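To be precise, the following lines are final.pdb, and they hold PDB, C-alpha atoms.
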```pdb
ATOM      1  CA  MET A  17       0.000   0.000   0.000
ATOM      2  CA  SER A  18       1.100   3.591  -0.552
ATOM      3  CA  ASP A  19       2.532   5.789   2.186
ATOM      4  CA  ILE A  20      -0.517   8.039   2.460
ATOM      5  CA  PRO A  21       0.386  11.615   3.409
ATOM      6  CA  VAL A  22      -1.538  13.031   6.344
ATOM      7  CA  LYS A  23      -1.512  16.382   8.045
ATOM      8  CA  GLU A  24       1.191  16.378  10.707
ATOM      9  CA  ASP A  25      -1.005  17.857  13.426
ATOM     10  CA  GLY A  26      -3.715  15.246  12.799
ATOM     11  CA  GLY A  27      -6.166  17.673  11.167
ATOM     12  CA  SER A  28      -9.796  17.990  12.169
ATOM     13  CA  PHE A  29     -11.934  14.923  12.762
ATOM     14  CA  ALA A  30     -14.126  15.765   9.740
ATOM     15  CA  GLN A  31     -11.080  16.125   7.495
ATOM     16  CA  MET A  32      -9.666  12.858   8.834
ATOM     17  CA  MET A  33     -12.862  10.952   8.082
ATOM     18  CA  SER A  34     -13.299  12.512   4.656
ATOM     19  CA  ASN A  35      -9.742  11.627   3.642
ATOM     20  CA  PHE A  36     -10.109   8.167   5.149
ATOM     21  CA  THR A  37     -13.216   7.358   3.107
ATOM     22  CA  LYS A  38     -11.881   8.672  -0.186
ATOM     23  CA  LEU A  39      -8.470   7.072   0.226
ATOM     24  CA  THR A  40      -9.989   3.730   1.178
ATOM     25  CA  GLU A  41     -12.046   3.790  -2.030
ATOM     26  CA  LEU A  42      -9.009   4.843  -4.065
ATOM     27  CA  GLU A  43      -6.821   2.080  -2.661
ATOM     28  CA  ALA A  44      -9.562  -0.466  -3.314
ATOM     29  CA  LYS A  45      -9.800   0.683  -6.942
ATOM     30  CA  ILE A  46      -6.017   0.520  -7.380
ATOM     31  CA  SER A  47      -5.772  -2.976  -5.904
ATOM     32  CA  SER A  48      -8.613  -4.275  -8.072
ATOM     33  CA  GLY A  49      -7.247  -2.639 -11.214
ATOM     34  CA  ILE A  50      -3.751  -4.008 -10.705
ATOM     35  CA  GLN A  51      -4.921  -7.505  -9.819
ATOM     36  CA  THR A  52      -7.014  -7.843 -12.985
ATOM     37  CA  SER A  53      -4.506  -6.436 -15.496
ATOM     38  CA  LYS A  54      -1.689  -8.921 -16.022
ATOM     39  CA  ILE A  55       0.180  -8.182 -19.274
ATOM     40  CA  PRO A  56       1.364 -11.005 -21.607
ATOM     41  CA  PRO A  57       5.191 -11.139 -21.906
ATOM     42  CA  LYS A  58       5.041 -10.636 -25.685
ATOM     43  CA  GLU A  59       3.222  -7.326 -25.164
ATOM     44  CA  VAL A  60       5.716  -6.193 -22.521
ATOM     45  CA  ARG A  61       8.535  -7.082 -24.936
ATOM     46  CA  LYS A  62       6.879  -5.046 -27.673
ATOM     47  CA  PHE A  63       6.659  -2.097 -25.256
ATOM     48  CA  LEU A  64      10.329  -2.384 -24.258
ATOM     49  CA  LYS A  65      11.493  -2.633 -27.870
ATOM     50  CA  THR A  66       9.612   0.518 -28.867
ATOM     51  CA  THR A  67      12.191   3.194 -28.144
ATOM     52  CA  GLU A  68      10.757   6.267 -29.900
ATOM     53  CA  LEU A  69       8.308   8.341 -27.854
ATOM     54  CA  ASP A  70       5.919   9.039 -30.753
ATOM     55  CA  ASP A  71       5.588   5.308 -31.446
ATOM     56  CA  LEU A  72       5.373   4.383 -27.781
ATOM     57  CA  ILE A  73       2.481   6.765 -27.108
ATOM     58  CA  HIS A  74       0.383   4.703 -29.535
ATOM     59  CA  ASN A  75       1.511   1.358 -28.095
ATOM     60  CA  ASP A  76      -1.444  -0.795 -26.943
ATOM     61  CA  LEU A  77       0.066  -1.366 -23.496
ATOM     62  CA  VAL A  78       0.674   2.352 -22.890
ATOM     63  CA  GLN A  79      -2.815   3.303 -24.008
ATOM     64  CA  PHE A  80      -4.326   0.602 -21.796
ATOM     65  CA  MET A  81      -2.271   1.668 -18.782
ATOM     66  CA  CYS A  82      -3.331   5.302 -19.153
ATOM     67  CA  GLN A  83      -6.979   4.276 -19.437
ATOM     68  CA  LEU A  84      -6.665   1.903 -16.472
ATOM     69  CA  PHE A  85      -5.175   4.607 -14.247
ATOM     70  CA  ASN A  86      -8.028   6.917 -15.169
ATOM     71  CA  GLU A  87     -10.549   4.184 -14.285
ATOM     72  CA  MET A  88      -8.799   3.680 -10.939
ATOM     73  CA  GLY A  89      -9.282   7.372 -10.117
ATOM     74  CA  LEU A  90      -5.727   8.609 -10.684
ATOM     75  CA  GLY A  91      -6.475  10.844 -13.657
ATOM     76  CA  MET A  92      -5.620  10.527 -17.338
ATOM     77  CA  MET A  93      -1.897   9.779 -17.435
ATOM     78  CA  GLN A  94       0.298  10.733 -20.382
ATOM     79  CA  LEU A  95       3.668   9.235 -21.325
ATOM     80  CA  THR A  96       5.828  12.315 -21.919
ATOM     81  CA  GLU A  97       9.420  11.059 -22.014
ATOM     82  CA  THR A  98      11.343   7.839 -22.539
ATOM     83  CA  ARG A  99      14.990   6.950 -22.179
ATOM     84  CA  CYS A 100      16.889   3.718 -21.578
ATOM     85  CA  PHE A 101      15.310   2.093 -18.488
ATOM     86  CA  ARG A 102      13.371   5.285 -17.717
ATOM     87  CA  TYR A 103       9.848   6.535 -18.424
ATOM     88  CA  GLN A 104       8.186   9.775 -17.397
ATOM     89  CA  PHE A 105       4.421  10.111 -16.971
ATOM     90  CA  THR A 106       2.389  13.274 -16.481
ATOM     91  CA  ALA A 107      -1.067  13.763 -14.947
ATOM     92  CA  PRO A 108      -2.232  17.284 -15.965
ATOM     93  CA  GLY A 109      -5.423  17.245 -13.859
ATOM     94  CA  CYS A 110      -4.378  14.882 -11.075
ATOM     95  CA  PRO A 111      -7.422  14.216  -8.836
ATOM     96  CA  VAL A 112      -5.302  12.802  -6.004
ATOM     97  CA  CYS A 113      -4.082  16.270  -5.034
ATOM     98  CA  SER A 114      -7.657  17.349  -4.308
ATOM     99  CA  LEU A 115      -7.791  14.794  -1.479
ATOM    100  CA  PHE A 116      -5.217  16.778   0.495
ATOM    101  CA  PRO A 117      -6.309  20.436   0.597
ATOM    102  CA  ASP A 118      -4.931  20.773   4.127
ATOM    103  CA  ILE A 119      -1.359  19.731   3.186
ATOM    104  CA  PRO A 120      -0.102  22.565   0.971
ATOM    105  CA  GLY A 121       3.400  22.728  -0.447
ATOM    106  CA  LYS A 122       4.117  18.992  -0.390
ATOM    107  CA  LYS A 123       4.122  16.100  -2.840
ATOM    108  CA  VAL A 124       1.026  14.098  -1.928
ATOM    109  CA  CYS A 125       0.517  11.632  -4.807
ATOM    110  CA  ALA A 126       1.848   8.554  -3.036
ATOM    111  CA  PRO A 127      -1.114   6.448  -4.307
ATOM    112  CA  THR A 128      -0.094   7.137  -7.911
ATOM    113  CA  VAL A 129       3.576   6.424  -7.175
ATOM    114  CA  ASP A 130       2.557   3.127  -5.591
ATOM    115  CA  ALA A 131       0.243   2.233  -8.488
ATOM    116  CA  LEU A 132       2.949   2.843 -11.107
ATOM    117  CA  THR A 133       5.460   0.720  -9.211
ATOM    118  CA  ARG A 134       2.936  -2.076  -8.792
ATOM    119  CA  PHE A 135       1.813  -1.954 -12.427
ATOM    120  CA  PHE A 136       5.356  -2.419 -13.718
ATOM    121  CA  GLY A 137       6.240  -4.980 -11.048
ATOM    122  CA  GLU A 138       3.091  -7.090 -10.789
ATOM    123  CA  ASN A 139       1.592  -6.691 -14.260
ATOM    124  CA  MET A 140       4.716  -6.390 -16.425
ATOM    125  CA  ASN A 141       7.059  -8.461 -14.234
ATOM    126  CA  ILE A 142       9.718  -5.727 -14.151
ATOM    127  CA  THR A 143      11.055  -4.394 -10.867
ATOM    128  CA  ALA A 144      10.855  -0.600 -10.924
ATOM    129  CA  ASN A 145      11.350   2.421  -8.716
ATOM    130  CA  THR A 146       8.975   5.377  -9.003
ATOM    131  CA  ILE A 147       9.367   8.924  -7.726
ATOM    132  CA  GLU A 148       7.131  11.975  -8.003
ATOM    133  CA  LEU A 149       9.096  14.749  -9.698
ATOM    134  CA  ARG A 150       6.473  17.516  -9.596
ATOM    135  CA  CYS A 151       3.129  17.932  -7.893
ATOM    136  CA  ILE A 152       0.177  20.254  -8.432
ATOM    137  CA  ASN A 153      -0.078  20.504  -4.653
ATOM    138  CA  MET A 154       3.341  22.230  -4.685
ATOM    139  CA  GLY A 155       2.201  24.743  -7.304
ATOM    140  CA  ASP A 156       3.477  22.821 -10.345
ATOM    141  CA  PRO A 157       1.274  22.861 -13.490
ATOM    142  CA  ALA A 158       0.973  19.047 -13.472
ATOM    143  CA  CYS A 159       2.005  16.019 -11.458
ATOM    144  CA  GLU A 160       4.948  14.179 -13.020
ATOM    145  CA  TYR A 161       6.340  10.759 -12.192
ATOM    146  CA  GLN A 162       9.565   9.030 -13.167
ATOM    147  CA  VAL A 163       9.675   5.240 -13.415
ATOM    148  CA  THR A 164      13.152   3.666 -13.477
ATOM    149  CA  LEU A 165      13.438  -0.012 -14.399
ATOM    150  CA  LYS A 166      15.960  -2.397 -12.861
ATOM    151  CA  PRO A 167      18.207  -3.672 -15.701
ATOM    152  CA  LEU A 168      18.296  -7.438 -15.076
ATOM    153  CA  PRO A 169      14.513  -7.968 -14.750
ATOM    154  CA  THR A 170      14.115  -5.785 -17.836
ATOM    155  CA  TYR A 171      16.565  -7.887 -19.838
ATOM    156  CA  GLN A 172      14.798 -11.079 -18.777
ATOM    157  CA  VAL A 173      11.506  -9.817 -20.224
ATOM    158  CA  LEU A 174      13.096  -8.025 -23.181
ATOM    159  CA  PHE A 175      14.918 -11.076 -24.565
ATOM    160  CA  ASP A 176      13.369 -13.899 -26.557
ATOM    161  CA  GLU A 177      15.139 -17.019 -27.862
ATOM    162  CA  LYS A 178      16.462 -15.231 -30.967
ATOM    163  CA  ASP A 179      17.950 -12.385 -28.915
ATOM    164  CA  ASP A 180      19.518 -15.024 -26.683
ATOM    165  CA  ALA A 181      21.037 -16.722 -29.734
ATOM    166  CA  ILE A 182      22.504 -13.395 -30.928
ATOM    167  CA  LEU A 183      24.044 -12.718 -27.526
ATOM    168  CA  ARG A 184      25.571 -16.202 -27.374
ATOM    169  CA  ALA A 185      26.949 -15.952 -30.916
ATOM    170  CA  ILE A 186      28.713 -12.657 -30.156
ATOM    171  CA  ALA A 187      29.981 -13.807 -26.751
ATOM    172  CA  GLU A 188      31.350 -17.103 -28.042
ATOM    173  CA  ASN A 189      32.616 -16.214 -31.545
ATOM    174  CA  GLY A 190      32.847 -12.428 -31.731
ATOM    175  CA  PHE A 191      30.772 -10.280 -34.044
ATOM    176  CA  SER A 192      29.987 -11.830 -37.417
ATOM    177  CA  GLU A 193      26.793 -11.004 -39.281
ATOM    178  CA  ALA A 194      26.829 -14.297 -41.162
ATOM    179  CA  ALA A 195      27.347 -16.331 -37.986
ATOM    180  CA  ILE A 196      24.608 -14.439 -36.135
ATOM    181  CA  MET A 197      22.070 -14.843 -38.937
ATOM    182  CA  THR A 198      22.854 -18.559 -39.153
ATOM    183  CA  GLN A 199      22.874 -19.279 -35.429
ATOM    184  CA  ALA A 200      19.756 -17.213 -34.689
ATOM    185  CA  ASN A 201      18.005 -18.082 -37.981
ATOM    186  CA  LEU A 202      17.366 -14.425 -38.806
ATOM    187  CA  SER A 203      17.115 -12.254 -41.879
ATOM    188  CA  LYS A 204      19.576  -9.374 -42.112
ATOM    189  CA  GLU A 205      16.794  -6.833 -41.473
ATOM    190  CA  ASP A 206      15.555  -8.617 -38.350
ATOM    191  CA  MET A 207      19.098  -9.042 -37.066
ATOM    192  CA  GLU A 208      19.841  -5.329 -37.488
ATOM    193  CA  LYS A 209      16.676  -4.339 -35.597
ATOM    194  CA  ARG A 210      17.610  -6.623 -32.697
ATOM    195  CA  LEU A 211      21.173  -5.321 -32.629
ATOM    196  CA  ASP A 212      19.840  -1.753 -32.455
ATOM    197  CA  ILE A 213      17.779  -2.713 -29.399
ATOM    198  CA  MET A 214      20.839  -4.286 -27.752
ATOM    199  CA  ARG A 215      22.801  -1.084 -28.311
ATOM    200  CA  HIS A 216      19.909   0.967 -26.921
ATOM    201  CA  TYR A 217      19.959  -1.130 -23.753
ATOM    202  CA  GLN A 218      23.753  -0.828 -23.463
ATOM    203  CA  LEU A 219      24.549  -4.481 -24.166
ATOM    204  CA  LEU A 220      26.695  -3.742 -27.238
ATOM    205  CA  ASP A 221      29.231  -0.962 -27.741
ATOM    206  CA  HIS A 222      30.003   0.943 -30.947
ATOM    207  CA  ARG A 223      32.481  -1.784 -31.982
ATOM    208  CA  GLN A 224      29.706  -4.414 -31.826
ATOM    209  CA  ALA A 225      31.365  -6.054 -28.817
ATOM    210  CA  LEU A 226      29.572  -6.978 -25.605
ATOM    211  CA  THR A 227      29.679  -4.335 -22.905
ATOM    212  CA  SER A 228      30.268  -5.325 -19.287
ATOM    213  CA  ALA A 229      26.472  -5.459 -18.894
ATOM    214  CA  GLY A 230      26.231  -7.669 -21.986
ATOM    215  CA  ASP A 231      28.855 -10.038 -20.621
ATOM    216  CA  VAL A 232      27.090 -10.254 -17.250
ATOM    217  CA  LEU A 233      23.785 -10.952 -18.991
ATOM    218  CA  TYR A 234      25.367 -13.646 -21.173
ATOM    219  CA  LYS A 235      26.737 -15.458 -18.113
ATOM    220  CA  PHE A 236      23.398 -15.091 -16.336
ATOM    221  CA  LEU A 237      21.467 -16.577 -19.271
ATOM    222  CA  VAL A 238      23.899 -19.488 -19.543
ATOM    223  CA  ALA A 239      23.140 -20.327 -15.902
ATOM    224  CA  ASN A 240      19.452 -19.381 -16.129
ATOM    225  CA  PRO A 241      18.019 -20.247 -19.575
ATOM    226  CA  LEU A 242      14.998 -18.299 -20.769
ATOM    227  CA  ARG A 243      11.626 -19.814 -19.960
ATOM    228  CA  GLU A 244       8.842 -20.210 -22.455
ATOM    229  CA  ASP A 245       6.465 -17.241 -22.451
ATOM    230  CA  GLU A 246       3.005 -17.500 -20.946
ATOM    231  CA  ASP A 247       0.440 -16.947 -23.664
ATOM    232  CA  PHE A 248      -2.833 -15.285 -22.675
ATOM    233  CA  SER A 249      -5.120 -12.539 -23.859
ATOM    234  CA  PRO A 250      -4.053  -8.933 -23.110
ATOM    235  CA  PRO A 251      -6.287  -7.163 -20.581
ATOM    236  CA  TRP A 252      -7.324  -4.380 -22.961
ATOM    237  CA  LYS A 253      -9.548  -6.930 -24.667
ATOM    238  CA  GLU A 254     -11.435  -7.276 -21.387
ATOM    239  CA  MET A 255     -11.539  -3.610 -20.354
ATOM    240  CA  ALA A 256     -15.301  -3.653 -19.769
ATOM    241  CA  GLN A 257     -14.931  -6.457 -17.204
ATOM    242  CA  ILE A 258     -12.002  -4.713 -15.513
ATOM    243  CA  ARG A 259     -14.019  -1.501 -15.299
ATOM    244  CA  ASP A 260     -16.855  -3.434 -13.630
ATOM    245  CA  VAL A 261     -14.475  -5.004 -11.088
ATOM    246  CA  ILE A 262     -13.003  -1.599 -10.219
ATOM    247  CA  SER A 263     -16.466  -0.105  -9.768
ATOM    248  CA  LYS A 264     -17.586  -2.899  -7.458
ATOM    249  CA  SER A 265     -14.420  -2.699  -5.377
ATOM    250  CA  SER A 266     -15.069   0.994  -4.799
ATOM    251  CA  SER A 267     -18.616   0.261  -3.639
ATOM    252  CA  PHE A 268     -17.328  -2.438  -1.300
ATOM    253  CA  ALA A 269     -14.758  -0.068   0.197
ATOM    254  CA  GLN A 270     -17.464   2.537   0.848
ATOM    255  CA  ALA A 271     -19.637  -0.115   2.490
ATOM    256  CA  MET A 272     -16.754  -1.107   4.771
ATOM    257  CA  VAL A 273     -16.292   2.501   5.860
ATOM    258  CA  GLU A 274     -19.997   2.828   6.639
ATOM    259  CA  ILE A 275     -19.962  -0.404   8.656
ATOM    260  CA  ALA A 276     -16.915   0.815  10.561
ATOM    261  CA  GLU A 277     -18.695   4.050  11.454
ATOM    262  CA  GLU A 278     -21.838   2.218  12.586
ATOM    263  CA  GLU A 279     -19.818  -0.199  14.720
ATOM    264  CA  LYS A 280     -18.135   2.727  16.482
ATOM    265  CA  LEU A 281     -14.588   1.629  15.714
ATOM    266  CA  PRO A 282     -11.939   4.049  17.006
ATOM    267  CA  TRP A 283     -12.837   6.940  14.730
ATOM    268  CA  GLU A 284     -14.067   9.134  17.592
ATOM    269  CA  GLY A 285     -12.015  10.505  20.406
ATOM    270  CA  ASP A 286      -9.729  13.316  21.397
ATOM    271  CA  ASP A 287      -6.850  14.704  19.344
ATOM    272  CA  ALA A 288      -4.375  12.230  20.799
ATOM    273  CA  GLU A 289      -6.528   9.291  19.686
ATOM    274  CA  ILE A 290      -6.869  10.730  16.176
ATOM    275  CA  VAL A 291      -3.098  11.144  15.912
ATOM    276  CA  ASP A 292      -2.720   7.540  17.126
ATOM    277  CA  LEU A 293      -5.158   6.409  14.409
ATOM    278  CA  ARG A 294      -3.114   8.259  11.798
ATOM    279  CA  ASP A 295       0.126   6.621  12.958
ATOM    280  CA  LYS A 296      -1.437   3.156  12.987
ATOM    281  CA  ALA A 297      -2.708   3.634   9.443
ATOM    282  CA  LYS A 298       0.743   4.671   8.250
ATOM    283  CA  SER A 299       2.393   1.670   9.947
ATOM    284  CA  LYS A 300      -0.085  -0.661   8.255
ATOM    285  CA  GLY A 301       0.760   0.732   4.835
ATOM    286  CA  GLY A 302      -2.452   2.636   4.218
ATOM    287  CA  PHE A 303      -5.968   3.305   5.480
ATOM    288  CA  ALA A 304      -7.549   0.399   3.620
ATOM    289  CA  GLU A 305      -5.153  -2.137   5.112
ATOM    290  CA  PHE A 306      -5.587  -0.606   8.557
ATOM    291  CA  LEU A 307      -9.371  -0.794   8.254
ATOM    292  CA  ALA A 308      -9.165  -4.480   7.349
ATOM    293  CA  SER A 309      -6.919  -5.255  10.331
ATOM    294  CA  GLU A 310      -9.144  -3.324  12.745
ATOM    295  CA  MET A 311     -12.216  -5.214  11.583
ATOM    296  CA  ASP A 312     -10.392  -8.522  11.948
ATOM    297  CA  ASP A 313      -9.486  -7.562  15.528
ATOM    298  CA  GLU A 314     -13.114  -6.702  16.271
ATOM    299  CA  GLU A 315     -14.243 -10.087  14.965
ATOM    300  CA  GLU A 316     -11.683 -11.911  17.129
ATOM    301  CA  GLU A 317     -12.749  -9.982  20.229
ATOM    302  CA  GLY A 318     -16.396 -10.721  19.413
TER     303      GLY A 318
END
```
Mind turning this structure into structure tokens?
Amino acid sequence: MSDIPVKEDGGSFAQMMSNFTKLTELEAKISSGIQTSKIPPKEVRKFLKTTELDDLIHNDLVQFMCQLFNEMGLGMMQLTETRCFRYQFTAPGCPVCSLFPDIPGKKVCAPTVDALTRFFGENMNITANTIELRCINMGDPACEYQVTLKPLPTYQVLFDEKDDAILRAIAENGFSEAAIMTQANLSKEDMEKRLDIMRHYQLLDHRQALTSAGDVLYKFLVANPLREDEDFSPPWKEMAQIRDVISKSSSFAQAMVEIAEEEKLPWEGDDAEIVDLRDKAKSKGGFAEFLASEMDDEEEEG
């Protein structure tokens, strides 16, 4: 769960409850959206091998991700920059900032940061680190996020058996177009495209020799051969079902908040108790997770 920002002095009780309800719904939507949107490896590979921004903007995976984030309540994301292992997304009208009117001058979009990291990690099988570069809540014109991919997990998804054959041919026999085309069973055009991708990802240098990263990857793949890809339908073909799941999860989260209020869980009390509630929620990883644990405790006591 995301590290939800909260006002340091605890805020008013009304503000606390309003934020709690909205953030619980948002976290429920994010969890449901992520859990139902696994991306086939071949589509992730296509995404990684598209290196020009203009082409990548029209990539099916990118368009689906932007639509999914909008459905989850994070606003309409835009891919605005791409470099080796790095992607930058922008949310011009980020709705998350509106949840924190009492925390001015700070970056508050932890739910979006968490969702981006989870999407790349859980849905694309690539470990990533996400940071918020700019935030509307700090006076910036838009919220901007930078996603940085870890190289080895990226290479593992990026490579197929023909890329593996190219890497082995160069590592074992040096660079030879004829040998590569024979060993990898490739046309010259296909070989050149794959070599361009290897150079983009810093596996080959300008002399067509393996870089230190290329040599490390070669040794890794010798010890850990590539596995056969899972083959399943991409989630954008089932967007209507995903949208329905997200909608229902939001309704369920709202129902849980209402039940909690009716059962008189520790939402009322003095300022010290409210601050304690805030700290417990942060230690649990978010309000939704804290709510679930509190309800479990109530059931055990009952």
Report as a count of residues only the full result of the PyMOL selection byres ((chain A and resi 110) around 12) when it is applied to this structure. 35
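Taking CA of Ser203 (chain A) and CA of Ile182 (chain A) as the two end points, the separation is 12.3 Å.
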Non-local contacts of Asp180 (chain A) (9 Å; all atoms listed in the file; under 3 positions in same chain excluded) as a VMD selection string: chain A and resid 175 to 177 183 to 185 200 234 237 241 to 242
As a check of understanding: the span from CA of Thr164 (chain A) to CA of Thr146 (chain A) is 6.4 Å
My list of candidates is A:Asp71, A:Lys204, A:Gln224, A:Tyr171. Which is closest to Phe236 (chain A) when distances are computed with all atoms listed in the file? A:Tyr171
